[in-house]
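input-v1.txt follows (compact mmCIF, C-alpha atoms and all ligand atoms):
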# COMPACT_ATOMS: atom_id res chain seq x y z
CA MET L 375 85.04 101.05 132.56
CA THR L 376 85.72 98.03 130.38
CA LEU L 377 84.23 98.20 126.92
CA ASN L 378 82.73 94.87 125.88
CA SER L 379 80.75 93.72 122.88
CA PHE L 380 77.60 91.64 122.91
CA LEU L 381 79.38 89.41 120.41
CA PRO L 382 81.55 86.60 121.74
CA ILE L 383 85.13 87.67 121.00
CA GLN L 384 88.10 85.46 121.89
CA SER L 385 90.70 87.20 124.07
CA ASP L 386 93.35 86.49 121.42
CA SER L 387 91.26 87.91 118.56
CA ASP L 388 92.91 90.77 116.66
CA PHE L 389 89.52 92.33 116.15
CA SER L 390 88.26 93.43 119.56
CA ILE L 391 85.77 96.26 120.01
CA HIS L 392 88.79 98.51 120.67
CA ASN L 393 90.07 97.95 117.15
CA LEU L 394 87.35 98.22 114.45
CA PRO L 395 89.67 98.27 111.43
CA TYR L 396 88.24 99.20 108.04
CA GLY L 397 88.32 97.03 104.95
CA VAL L 398 86.54 96.48 101.65
CA PHE L 399 84.79 93.15 101.18
CA LYS L 400 82.51 91.23 98.89
CA PRO L 401 80.16 88.49 100.15
CA ARG L 402 81.13 85.17 98.51
CA ALA L 403 77.43 84.63 97.89
CA GLY L 404 77.44 87.67 95.59
CA GLY L 405 76.98 91.41 95.82
CA ALA L 406 78.95 94.58 95.27
CA PRO L 407 82.12 95.51 97.13
CA ARG L 408 81.47 97.61 100.24
CA VAL L 409 83.12 98.90 103.39
CA GLY L 410 83.08 96.89 106.59
CA VAL L 411 84.86 96.69 109.93
CA ALA L 412 86.21 93.51 111.45
CA ILE L 413 84.76 92.48 114.82
CA GLY L 414 85.71 89.08 116.24
CA GLU L 415 84.92 86.43 113.62
CA TYR L 416 82.59 88.79 111.76
CA VAL L 417 82.60 91.74 109.44
CA LEU L 418 80.12 94.50 110.18
CA ASP L 419 78.61 95.83 106.93
CA VAL L 420 78.85 99.61 107.44
CA SER L 421 77.17 100.40 104.10
CA LEU L 422 74.08 98.55 105.31
CA LEU L 423 74.09 100.48 108.60
CA HIS L 424 74.20 103.71 106.61
CA ASP L 425 71.23 102.58 104.50
CA ALA L 426 69.40 101.68 107.73
CA GLY L 427 69.72 105.28 108.91
CA PHE L 428 72.37 105.01 111.59
CA PHE L 429 74.31 107.93 110.10
CA ASN L 430 71.27 110.20 109.56
CA GLN L 431 72.19 112.55 112.38
CA THR L 432 75.78 112.97 111.20
CA ASN L 433 77.76 114.84 108.58
CA LEU L 434 78.03 111.53 106.69
CA ALA L 435 74.26 111.43 106.04
CA SER L 436 74.14 112.90 102.53
CA GLN L 437 76.29 110.25 100.82
CA ASN L 438 76.86 106.57 101.62
CA VAL L 439 80.65 106.55 101.33
CA PHE L 440 80.62 102.96 102.58
CA LYS L 441 79.02 101.73 99.33
CA GLU L 442 82.34 102.11 97.56
CA SER L 443 84.98 99.66 96.42
CA ALA L 444 87.73 101.62 98.24
CA LEU L 445 88.04 103.58 101.48
CA ASN L 446 89.20 106.79 99.75
CA ALA L 447 85.81 108.56 99.78
CA PHE L 448 85.44 107.91 103.51
CA MET L 449 89.04 108.92 104.20
CA LYS L 450 88.50 112.22 102.35
CA LEU L 451 85.78 113.23 104.83
CA GLY L 452 88.46 113.90 107.43
CA ARG L 453 89.28 113.11 110.98
CA ALA L 454 86.03 114.36 112.57
CA ALA L 455 84.05 111.96 110.34
CA TRP L 456 86.44 109.08 111.12
CA ARG L 457 85.93 109.63 114.84
CA GLU L 458 82.17 110.03 114.56
CA THR L 459 81.96 106.76 112.60
CA ARG L 460 84.13 104.96 115.12
CA ASN L 461 81.90 106.16 117.98
CA ILE L 462 78.71 105.06 116.21
CA LEU L 463 80.13 101.59 115.42
CA GLN L 464 81.54 101.14 118.91
CA SER L 465 78.23 102.02 120.56
CA LEU L 466 76.34 99.70 118.19
CA LEU L 467 78.60 96.80 119.08
CA ARG L 468 78.86 97.29 122.83
CA ALA L 469 77.27 94.90 125.29
CA ASP L 470 74.27 97.10 126.09
CA SER L 471 73.56 98.06 122.46
CA ALA L 472 70.04 97.89 121.06
CA MET L 473 71.55 95.93 118.14
CA ARG L 474 72.08 93.01 120.51
CA ASP L 475 68.32 92.39 120.62
CA ASN L 476 67.58 93.31 117.01
CA GLU L 477 67.95 89.92 115.38
CA LYS L 478 66.98 91.13 111.92
CA LEU L 479 69.60 93.87 111.88
CA ARG L 480 72.25 91.58 113.37
CA ASP L 481 71.67 88.88 110.77
CA ALA L 482 71.85 91.38 107.92
CA ALA L 483 74.80 93.46 109.10
CA LEU L 484 77.09 90.86 110.67
CA ILE L 485 78.59 88.42 108.18
CA PRO L 486 81.04 85.66 109.17
CA GLN L 487 84.48 86.47 107.77
CA SER L 488 84.57 82.95 106.33
CA GLN L 489 81.79 84.03 103.94
CA ILE L 490 83.49 87.08 102.47
CA GLU L 491 86.36 87.94 100.16
CA MET L 492 88.63 90.83 101.12
CA LEU L 493 89.67 93.30 98.43
CA LEU L 494 92.42 95.90 98.28
CA PRO L 495 91.09 98.41 100.85
CA VAL L 496 92.37 101.61 99.29
CA GLU L 497 92.97 102.98 95.84
CA ILE L 498 96.65 103.74 96.28
CA GLY L 499 97.89 106.65 94.18
CA ASP L 500 101.54 106.76 95.17
CA TYR L 501 103.71 104.38 97.13
CA THR L 502 106.90 105.40 98.90
CA ASP L 503 109.16 102.97 100.71
CA PHE L 504 111.50 104.14 103.49
CA TYR L 505 114.57 102.45 104.92
CA SER L 506 114.09 103.39 108.56
CA SER L 507 115.41 100.46 110.64
CA GLU L 508 119.00 101.09 111.68
CA HIS L 509 119.58 97.38 112.27
CA HIS L 510 118.38 96.56 108.76
CA ALA L 511 120.43 99.35 107.18
CA ARG L 512 123.53 98.30 109.16
CA ASN L 513 123.15 94.62 108.30
CA VAL L 514 122.65 95.28 104.60
CA GLY L 515 125.41 97.92 104.57
CA THR L 516 127.80 95.53 106.31
CA MET L 517 127.16 92.85 103.70
CA LEU L 518 127.68 95.30 100.83
CA ARG L 519 130.46 97.58 102.14
CA GLY L 520 131.82 96.13 105.38
CA ALA L 521 131.05 97.05 109.00
CA GLU L 522 133.05 100.31 108.96
CA ASN L 523 130.98 101.80 106.14
CA ALA L 524 127.69 100.11 106.92
CA LEU L 525 125.62 103.28 107.26
CA MET L 526 125.83 105.88 104.50
CA PRO L 527 126.74 109.39 105.78
CA ASN L 528 123.18 110.67 105.28
CA TRP L 529 121.39 107.88 107.13
CA LYS L 530 121.10 109.49 110.58
CA HIS L 531 120.24 112.88 109.12
CA LEU L 532 117.23 112.01 107.00
CA PRO L 533 114.79 109.13 106.53
CA VAL L 534 116.06 107.57 103.29
CA ALA L 535 113.39 106.37 100.84
CA TYR L 536 112.63 105.61 97.21
CA HIS L 537 109.47 106.03 95.15
CA GLY L 538 107.86 102.64 94.62
CA ARG L 539 105.09 101.52 92.31
CA ALA L 540 101.41 101.48 93.32
CA SER L 541 100.04 99.42 90.39
CA SER L 542 101.50 96.15 91.69
CA ILE L 543 100.29 96.47 95.29
CA VAL L 544 97.98 93.54 96.02
CA VAL L 545 95.81 92.44 98.91
CA SER L 546 96.83 89.56 101.18
CA GLY L 547 96.17 86.14 99.66
CA THR L 548 97.15 87.18 96.15
CA ASN L 549 99.78 84.75 94.89
CA PHE L 550 102.36 85.86 92.36
CA PHE L 551 104.82 84.43 89.83
CA ARG L 552 108.51 84.40 90.60
CA PRO L 553 109.76 87.37 88.60
CA ARG L 554 112.31 87.24 85.82
CA GLY L 555 114.93 89.88 85.32
CA GLN L 556 118.46 90.76 84.42
CA ILE L 557 121.00 89.39 86.86
CA LYS L 558 124.75 89.06 86.93
CA PRO L 559 125.92 86.07 88.99
CA ALA L 560 129.23 86.57 90.82
CA ASP L 561 130.97 83.95 88.65
CA ALA L 562 129.66 85.31 85.33
CA ASN L 563 131.31 87.82 83.04
CA GLU L 564 128.09 88.88 81.37
CA PRO L 565 124.57 89.44 82.70
CA LEU L 566 121.74 87.07 81.81
CA PHE L 567 117.96 87.16 81.81
CA SER L 568 116.61 84.63 84.28
CA ALA L 569 114.04 83.89 86.97
CA THR L 570 115.33 85.44 90.19
CA ARG L 571 117.44 83.10 92.31
CA SER L 572 117.25 85.32 95.40
CA LEU L 573 113.59 85.97 96.07
CA ASP L 574 112.97 87.61 99.44
CA PHE L 575 110.25 89.04 101.66
CA GLU L 576 110.55 92.29 103.62
CA LEU L 577 108.67 92.72 106.91
CA GLU L 578 107.28 96.26 106.88
CA MET L 579 104.37 98.35 108.02
CA GLY L 580 102.86 101.25 106.13
CA PHE L 581 100.63 104.20 106.86
CA LEU L 582 97.90 105.56 104.61
CA ILE L 583 97.46 109.27 104.00
CA GLY L 584 94.01 110.59 104.96
CA ALA L 585 94.43 114.34 104.36
CA GLU L 586 96.24 116.38 101.73
CA ASN L 587 98.72 119.23 101.64
CA ALA L 588 98.76 121.56 98.66
CA LEU L 589 101.66 121.28 96.23
CA GLY L 590 104.38 123.61 97.49
CA GLU L 591 103.23 123.56 101.13
CA PRO L 592 105.29 121.27 103.36
CA ILE L 593 103.58 119.47 106.24
CA PRO L 594 105.20 120.68 109.49
CA ILE L 595 106.27 117.85 111.77
CA GLU L 596 104.03 119.20 114.55
CA ARG L 597 100.99 118.53 112.32
CA ALA L 598 102.13 115.40 110.48
CA ASP L 599 100.00 113.02 112.57
CA GLU L 600 96.82 114.83 111.46
CA PHE L 601 97.43 113.47 107.93
CA LEU L 602 97.58 109.80 108.96
CA PHE L 603 94.45 107.67 108.53
CA GLY L 604 95.68 104.24 109.57
CA MET L 605 98.22 101.47 109.15
CA VAL L 606 98.58 98.14 107.35
CA LEU L 607 101.10 95.30 107.24
CA VAL L 608 103.33 95.39 104.16
CA ASN L 609 105.37 92.63 102.53
CA ASP L 610 107.71 94.32 100.07
CA TRP L 611 108.71 91.25 98.05
CA SER L 612 112.23 91.72 96.63
CA ALA L 613 114.52 90.03 94.11
CA ARG L 614 118.01 90.48 95.57
CA ASP L 615 119.99 89.43 92.51
CA ILE L 616 118.07 91.79 90.23
CA GLN L 617 118.48 94.50 92.88
CA ALA L 618 122.24 94.00 93.23
CA TRP L 619 122.80 94.41 89.49
CA GLU L 620 120.39 97.27 88.77
CA TYR L 621 120.40 99.52 91.84
CA GLN L 622 123.31 101.85 91.09
CA PRO L 623 123.09 104.78 90.73
CA LEU L 624 119.33 105.42 90.91
CA GLY L 625 118.15 102.84 93.44
CA PRO L 626 115.69 99.92 93.36
CA PHE L 627 113.54 99.44 90.27
CA LEU L 628 112.42 96.05 88.87
CA ALA L 629 113.71 94.21 91.95
CA LYS L 630 110.86 95.73 93.92
CA ASN L 631 107.92 96.55 91.68
CA PHE L 632 106.69 93.09 90.65
CA CYS L 633 104.51 92.63 93.76
CA THR L 634 103.93 94.28 97.14
CA SER L 635 101.35 92.72 99.48
CA ILE L 636 99.33 94.54 102.13
CA SER L 637 96.93 93.33 104.82
CA PRO L 638 93.23 93.88 104.05
CA TRP L 639 92.31 95.61 107.33
CA VAL L 640 93.36 99.22 107.95
CA VAL L 641 93.88 99.82 111.68
CA THR L 642 93.14 103.45 112.51
CA MET L 643 95.47 105.75 114.39
CA ASP L 644 92.69 106.18 117.00
CA ALA L 645 92.74 102.42 117.67
CA LEU L 646 96.53 102.49 117.97
CA ALA L 647 96.67 105.51 120.32
CA PRO L 648 96.80 103.46 123.56
CA PHE L 649 99.98 101.77 122.30
CA LYS L 650 102.06 104.90 121.75
CA LYS L 651 105.65 104.89 123.01
CA SER L 652 108.15 107.73 123.11
CA LEU L 653 110.57 107.69 120.21
CA SER L 654 114.12 106.84 121.34
CA ALA L 655 116.53 109.76 121.50
CA GLN L 656 118.27 110.39 118.19
CA GLU L 657 121.97 111.20 117.95
CA PRO L 658 122.92 113.37 116.14
CA LYS L 659 119.89 115.56 116.76
CA PRO L 660 117.83 115.84 113.56
CA LEU L 661 117.47 119.22 111.88
CA ALA L 662 114.63 121.41 113.19
CA TYR L 663 112.12 120.40 110.47
CA LEU L 664 112.47 116.76 111.63
CA ALA L 665 112.52 117.44 115.38
CA ARG L 666 109.45 117.06 117.54
CA ALA L 667 110.13 116.98 121.29
CA ASP L 668 107.25 114.59 122.06
CA ASP L 669 107.64 112.40 118.97
CA TRP L 670 106.42 108.85 119.28
CA THR L 671 106.26 105.34 117.85
CA TYR L 672 104.00 102.36 118.61
CA ASP L 673 104.47 99.10 120.46
CA ILE L 674 103.41 96.69 117.70
CA GLU L 675 104.55 93.06 117.84
CA LEU L 676 105.53 91.61 114.49
CA GLN L 677 105.93 88.03 113.33
CA VAL L 678 106.82 86.26 110.08
CA SER L 679 106.21 82.60 109.32
CA LEU L 680 107.27 80.42 106.41
CA GLN L 681 105.58 77.26 105.18
CA SER L 682 107.01 75.26 102.31
CA GLU L 683 104.94 72.92 100.16
CA LYS L 684 106.29 69.96 102.15
CA MET L 685 105.50 71.39 105.59
CA ASP L 686 102.27 70.72 107.52
CA ALA L 687 102.30 73.98 109.46
CA PRO L 688 103.91 77.42 109.28
CA HIS L 689 107.19 77.95 111.11
CA ILE L 690 107.99 81.30 112.75
CA ILE L 691 111.25 82.71 111.38
CA THR L 692 111.11 86.35 112.58
CA ARG L 693 109.87 88.15 115.69
CA SER L 694 110.28 91.90 115.64
CA ASN L 695 108.59 95.10 116.86
CA PHE L 696 107.61 98.36 115.19
CA GLN L 697 109.67 100.19 117.82
CA ASN L 698 112.80 98.93 116.07
CA LEU L 699 112.40 101.80 113.61
CA TYR L 700 114.77 104.75 114.10
CA TRP L 701 112.64 107.33 112.25
CA SER L 702 109.03 108.05 113.23
CA MET L 703 106.10 108.25 110.82
CA ASN L 704 105.84 111.97 111.62
CA GLN L 705 109.45 112.43 110.54
CA GLN L 706 108.93 110.37 107.39
CA LEU L 707 105.93 112.45 106.30
CA ALA L 708 107.52 115.79 107.27
CA HIS L 709 110.62 114.87 105.29
CA HIS L 710 108.64 113.57 102.31
CA THR L 711 106.79 116.90 101.98
CA SER L 712 109.64 119.18 103.10
CA ASN L 713 110.31 120.23 99.49
CA GLY L 714 106.64 120.93 98.84
CA CYS L 715 105.80 117.47 97.47
CA ASN L 716 102.08 116.91 97.98
CA ALA L 717 100.65 113.86 99.71
CA ARG L 718 97.28 112.64 98.49
CA VAL L 719 94.53 110.65 100.16
CA GLY L 720 95.28 106.97 99.62
CA ASP L 721 99.05 107.29 99.33
CA LEU L 722 100.95 104.50 101.06
CA LEU L 723 104.20 105.22 102.91
CA ALA L 724 105.96 102.08 104.11
CA SER L 725 108.60 101.82 106.80
CA GLY L 726 111.28 99.69 105.22
CA THR L 727 112.28 96.31 106.63
CA ILE L 728 111.79 96.29 110.42
CA SER L 729 114.78 94.44 111.84
CA GLY L 730 115.88 94.50 115.48
CA ALA L 731 119.15 93.77 117.24
CA GLU L 732 118.62 90.01 117.71
CA LYS L 733 119.08 87.47 114.96
CA ILE L 734 115.46 86.29 115.31
CA SER L 735 114.29 89.88 114.73
CA ARG L 736 115.79 90.20 111.25
CA GLY L 737 113.02 91.12 108.83
CA CYS L 738 114.13 89.49 105.55
CA MET L 739 115.92 86.39 104.23
CA LEU L 740 118.90 88.46 103.10
CA GLU L 741 119.67 89.22 106.75
CA LEU L 742 118.37 85.96 108.29
CA THR L 743 120.70 83.86 106.10
CA TRP L 744 123.36 86.57 105.77
CA ARG L 745 123.04 86.69 102.00
CA GLY L 746 122.55 82.96 101.78
CA THR L 747 125.77 82.04 103.60
CA GLU L 748 123.94 80.79 106.74
CA PRO L 749 120.89 78.90 105.43
CA LEU L 750 117.77 78.66 107.58
CA LEU L 751 116.95 75.19 108.82
CA LEU L 752 113.23 74.43 108.69
CA PRO L 753 111.61 71.95 111.13
CA ASN L 754 111.19 69.26 108.44
CA GLY L 755 114.88 69.34 107.54
CA GLU L 756 114.58 71.58 104.48
CA THR L 757 116.90 74.56 104.27
CA ARG L 758 116.44 78.00 102.73
CA ARG L 759 118.91 80.58 101.43
CA PHE L 760 116.10 82.53 99.81
CA LEU L 761 112.45 81.75 99.06
CA GLU L 762 111.48 78.83 96.83
CA ASP L 763 108.44 78.12 94.68
CA GLY L 764 105.47 77.01 96.76
CA ASP L 765 106.70 78.83 99.88
CA VAL L 766 104.00 80.73 101.74
CA VAL L 767 105.11 83.75 103.77
CA THR L 768 102.69 85.10 106.35
CA MET L 769 103.16 88.20 108.52
CA ARG L 770 101.16 89.18 111.58
CA ALA L 771 101.09 92.27 113.77
CA TRP L 772 99.29 93.11 117.00
CA CYS L 773 99.32 95.35 120.05
CA GLU L 774 98.40 94.12 123.49
CA LYS L 775 98.11 95.98 126.78
CA ASN L 776 95.86 95.63 129.86
CA GLU L 777 93.85 92.85 128.20
CA ARG L 778 93.14 95.14 125.26
CA ARG L 779 94.21 93.66 121.93
CA VAL L 780 94.33 95.49 118.63
CA GLY L 781 95.66 93.43 115.74
CA PHE L 782 96.20 93.69 112.02
CA GLY L 783 95.29 90.14 111.04
CA GLU L 784 97.74 88.88 108.46
CA VAL L 785 99.32 89.48 105.10
CA THR L 786 100.11 86.27 103.24
CA GLY L 787 101.21 85.20 99.79
CA GLU L 788 102.50 82.13 97.94
CA ILE L 789 105.26 82.09 95.37
CA LEU L 790 104.26 80.50 92.08
CA PRO L 791 106.89 79.16 89.64
CA ALA L 792 108.17 81.68 87.11
CA ARG L 793 106.10 81.81 83.94
CA GLU L 794 107.67 80.62 80.73
CA PRO L 795 109.23 83.65 79.01
CA CA M 1 111.44 97.68 101.27

Please, can you express the file's structure as structure tokens?
Ligand code: CA
Amino acid sequence: MTLNSFLPIQSDSDFSIHNLPYGVFKPRAGGAPRVGVAIGEYVLDVSLLHDAGFFNQTNLASQNVFKESALNAFMKLGRAAWRETRNILQSLLRADSAMRDNEKLRDAALIPQSQIEMLLPVEIGDYTDFYSSEHHARNVGTMLRGAENALMPNWKHLPVAYHGRASSIVVSGTNFFRPRGQIKPADANEPLFSATRSLDFELEMGFLIGAENALGEPIPIERADEFLFGMVLVNDWSARDIQAWEYQPLGPFLAKNFCTSISPWVVTMDALAPFKKSLSAQEPKPLAYLARADDWTYDIELQVSLQSEKMDAPHIITRSNFQNLYWSMNQQLAHHTSNGCNARVGDLLASGTISGAEKISRGCMLELTWRGTEPLLLPNGETRRFLEDGDVVTMRAWCEKNERRVGFGEVTGEILPAREP
């Protein structure tokens, strides 16, 4: 049976009744931050529904976890509560719902998205960034070390990652200053302190941890999916010249931690379930703690657009798919905790740049322009080696199957000129 809402929802809307992603919003007219779900052009105020008694018969009754400025309290209630909430919201929004004829409730609980401000949805404790696209790792490795040594010897044995910084993760729409840092240009004998000349985006997706393992107790790969709450789009802004000079031997540092943008809506694993795909066979076979016979990925379309100050409209520069990742999220989490490291509710684990085999599917400027040697030509005649001040980068992601669409909305940000030192 087709599930429809009483609300008019465009067929190309990311926010169908099948999706119901969670976010934290504030009405522009005033009021405290609270939890809502996106539905069509609206946000449904879940905190108000809780106050109105719609959760009285549930385990969520005692505390209104939706009257919070982050999703963490709701996430901590666990999977049964997530599913119960999803069922309640879906039945309230369906075509035959009593809410359809309750004008007072509708007017109070459904707010046009144009009248709200989205906030960072989750209080993120720790942020880890993987490096799980083979195409991305090969392209970058080829540029740095040549095609023969593109992949490091460990790459196909474990999902490589580094610990990032959570304090500089911002919600979509937050603009940021071009960072300064220490760089060493190829023609210089000494390093200098300068605004980055190689500012880049990285097309990534991340998952948010919704359940915890105790310190010292690894999460077995067979149970890893039980710890996943949902996913967001991630733009891991990067300064390539700072990175090139600083990264050895301990990895990325200031090249990565000046700003990381995420989309405001968290799409739940339950909403993504219909879009599961088997993970491609891995060769060599991973060690037992990383092997799950039925492991999976998701068919999520990805797109990046760039708009300079002089352009009238955004121009699509990348089309990729989440299936381009070699390592699964289950493998990433099992590996991350294999030494007993504990994951906490609200942690963000990002995929790494999601590049595919085709040139159009490269997920950052470094690859798209081959380190600046093949500049991108924009429709108005401008060219780009890396990002310039005033550029707006916008990423989108969505799943579509049998006229069912589940999307992530967008993550966008504009680059402001470097501040005076
Ligand atoms: Ca990254």

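With the cut-off set to 7 Å and all atoms listed in the file counted, the residues surrounding ligand CA 1 (chain M) are Asp503, Phe504, Tyr505, Glu576, Asp610, Gly726 and Thr727 of chain L.
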
Could you pull the residues within 8 Å of range 482-495 of chain L, counting all atoms listed in the file, minus those fewer than 2 positions along the same chain, as a PyMOL selection string?
chain L and resi 396-403+407+415-420+422-423+443-445+478-480+497+544-545+638-640

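Minimum distance to Gly625 in chain L across L:Gly538, L:Thr432, L:Gly737, L:Gly405 (counting all atoms listed in the file) occurs at L:Gly538.
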
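The coordinates place CA of Val641 in chain L at 16.9 Å from CA of Gln677 in chain L.
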
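When all atoms listed in the file are used to compute distances to Gln705 in chain L, the closest of the residues L:Tyr672, L:Tyr663, L:Phe551, L:Trp456 turns out to be L:Tyr663.
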
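When only C-alpha atoms are used to compute distances to Pro648 in chain L, the closest of the residues L:Asn430, L:Gln697, L:Asn461, L:Thr671 turns out to be L:Thr671.
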
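Considering all atoms listed in the file, the residue among L:Leu740, L:Ala562, L:Val514, L:Ile636 positioned nearest to Gly787 in chain L is L:Ile636.
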
Check the smallest atom-to-atom distance from each of L:Ile557, L:Val496, L:Cys633, L:Leu742 to Glu442 in chain L using all atoms listed in the file, then report the winner.
L:Val496

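Residue nearest Trp529 in chain L within the list L:Gln656, L:Ile690, L:Gly584, L:Arg614: L:Gln656 [criterion: smallest interatomic distance, only C-alpha atoms].
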
Contacts of Ser694 in chain L at 12 Å (all atoms listed in the file; same-chain gap of 2+ positions) as an mmCIF file with C-alpha atoms, in the frame of the given file:
data_model
loop_
_atom_site.group_PDB
_atom_site.id
_atom_site.type_symbol
_atom_site.label_atom_id
_atom_site.label_comp_id
_atom_site.auth_asym_id
_atom_site.auth_seq_id
_atom_site.Cartn_x
_atom_site.Cartn_y
_atom_site.Cartn_z
ATOM 1 C CA SER L 507 115.410 100.460 110.640
ATOM 2 C CA HIS L 509 119.580 97.380 112.270
ATOM 3 C CA HIS L 510 118.380 96.560 108.760
ATOM 4 C CA LEU L 577 108.670 92.720 106.910
ATOM 5 C CA GLU L 578 107.280 96.260 106.880
ATOM 6 C CA MET L 579 104.370 98.350 108.020
ATOM 7 C CA ASP L 673 104.470 99.100 120.460
ATOM 8 C CA ILE L 674 103.410 96.690 117.700
ATOM 9 C CA GLU L 675 104.550 93.060 117.840
ATOM 10 C CA LEU L 676 105.530 91.610 114.490
ATOM 11 C CA GLN L 677 105.930 88.030 113.330
ATOM 12 C CA VAL L 678 106.820 86.260 110.080
ATOM 13 C CA SER L 679 106.210 82.600 109.320
ATOM 14 C CA ILE L 690 107.990 81.300 112.750
ATOM 15 C CA ILE L 691 111.250 82.710 111.380
ATOM 16 C CA THR L 692 111.110 86.350 112.580
ATOM 17 C CA PHE L 696 107.610 98.360 115.190
ATOM 18 C CA GLN L 697 109.670 100.190 117.820
ATOM 19 C CA ASN L 698 112.800 98.930 116.070
ATOM 20 C CA LEU L 699 112.400 101.800 113.610
ATOM 21 C CA THR L 727 112.280 96.310 106.630
ATOM 22 C CA ILE L 728 111.790 96.290 110.420
ATOM 23 C CA SER L 729 114.780 94.440 111.840
ATOM 24 C CA GLY L 730 115.880 94.500 115.480
ATOM 25 C CA ALA L 731 119.150 93.770 117.240
ATOM 26 C CA GLU L 732 118.620 90.010 117.710
ATOM 27 C CA LYS L 733 119.080 87.470 114.960
ATOM 28 C CA ILE L 734 115.460 86.290 115.310
ATOM 29 C CA SER L 735 114.290 89.880 114.730
ATOM 30 C CA ARG L 736 115.790 90.200 111.250
ATOM 31 C CA GLY L 737 113.020 91.120 108.830
ATOM 32 C CA CYS L 738 114.130 89.490 105.550
ATOM 33 C CA MET L 769 103.160 88.200 108.520
ATOM 34 C CA ARG L 770 101.160 89.180 111.580
ATOM 35 C CA ALA L 771 101.090 92.270 113.770
ATOM 36 C CA TRP L 772 99.290 93.110 117.000
#

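The coordinates place CA of Ser652 in chain L at 29.1 Å from CA of Asn523 in chain L.
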
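Take CA of Glu564 in chain L and CA of Glu762 in chain L: the distance between them is 24.8 Å.
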
Using all atoms listed in the file, give me every residue within 7 Å of (117.7, 88.7, 86.5) in file coordinates, as a PyMOL selection string.
chain L and resi 554-557+566-570+615-616

Expected answer as a PyMOL selection string: all residues with atoms within 7 Å of (122.3, 81.7, 99.1), only C-alpha atoms
chain L and resi 745-747+759-760

Non-local contacts of Ala540 in chain L (9 Å; all atoms listed in the file; under 3 positions in same chain excluded) as a PyMOL selection string
chain L and resi 497-502+543+631+634+721-722

Restore all heavy atoms in range 689-693 of chain L and list the result as an mmCIF file, in the coordinates of the input.
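Resulting contents of out-v4.cif:
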data_model
loop_
_atom_site.group_PDB
_atom_site.id
_atom_site.type_symbol
_atom_site.label_atom_id
_atom_site.label_comp_id
_atom_site.auth_asym_id
_atom_site.auth_seq_id
_atom_site.Cartn_x
_atom_site.Cartn_y
_atom_site.Cartn_z
ATOM 1 N N HIS L 689 106.112 77.900 110.126
ATOM 2 C CA HIS L 689 107.190 77.950 111.110
ATOM 3 C C HIS L 689 107.615 79.416 111.275
ATOM 4 O O HIS L 689 107.893 80.100 110.276
ATOM 5 C CB HIS L 689 108.364 77.107 110.608
ATOM 6 C CG HIS L 689 109.591 77.207 111.450
ATOM 7 N ND1 HIS L 689 109.631 76.795 112.764
ATOM 8 C CD2 HIS L 689 110.830 77.691 111.168
ATOM 9 C CE1 HIS L 689 110.847 77.019 113.253
ATOM 10 N NE2 HIS L 689 111.591 77.561 112.309
ATOM 11 N N ILE L 690 107.651 79.890 112.513
ATOM 12 C CA ILE L 690 107.990 81.300 112.750
ATOM 13 C C ILE L 690 109.491 81.508 112.538
ATOM 14 O O ILE L 690 110.316 80.810 113.148
ATOM 15 C CB ILE L 690 107.579 81.735 114.160
ATOM 16 C CG1 ILE L 690 106.056 81.680 114.276
ATOM 17 C CG2 ILE L 690 108.076 83.155 114.468
ATOM 18 C CD1 ILE L 690 105.534 81.838 115.681
ATOM 19 N N ILE L 691 109.825 82.448 111.662
ATOM 20 C CA ILE L 691 111.250 82.710 111.380
ATOM 21 C C ILE L 691 111.687 84.089 111.850
ATOM 22 O O ILE L 691 112.891 84.329 111.970
ATOM 23 C CB ILE L 691 111.574 82.537 109.877
ATOM 24 C CG1 ILE L 691 110.674 83.414 109.003
ATOM 25 C CG2 ILE L 691 111.426 81.083 109.461
ATOM 26 C CD1 ILE L 691 111.052 83.380 107.520
ATOM 27 N N THR L 692 110.761 84.994 112.120
ATOM 28 C CA THR L 692 111.110 86.350 112.580
ATOM 29 C C THR L 692 110.137 86.812 113.644
ATOM 30 O O THR L 692 108.925 86.636 113.502
ATOM 31 C CB THR L 692 111.059 87.347 111.398
ATOM 32 O OG1 THR L 692 111.982 86.959 110.389
ATOM 33 C CG2 THR L 692 111.402 88.759 111.859
ATOM 34 N N ARG L 693 110.688 87.426 114.705
ATOM 35 C CA ARG L 693 109.870 88.150 115.690
ATOM 36 C C ARG L 693 110.489 89.523 115.860
ATOM 37 O O ARG L 693 111.661 89.627 116.234
ATOM 38 C CB ARG L 693 109.870 87.447 117.049
ATOM 39 C CG ARG L 693 109.210 86.094 117.044
ATOM 40 C CD ARG L 693 109.313 85.473 118.445
ATOM 41 N NE ARG L 693 109.025 84.056 118.424
ATOM 42 C CZ ARG L 693 107.786 83.559 118.483
ATOM 43 N NH1 ARG L 693 106.756 84.380 118.576
ATOM 44 N NH2 ARG L 693 107.583 82.259 118.461
#
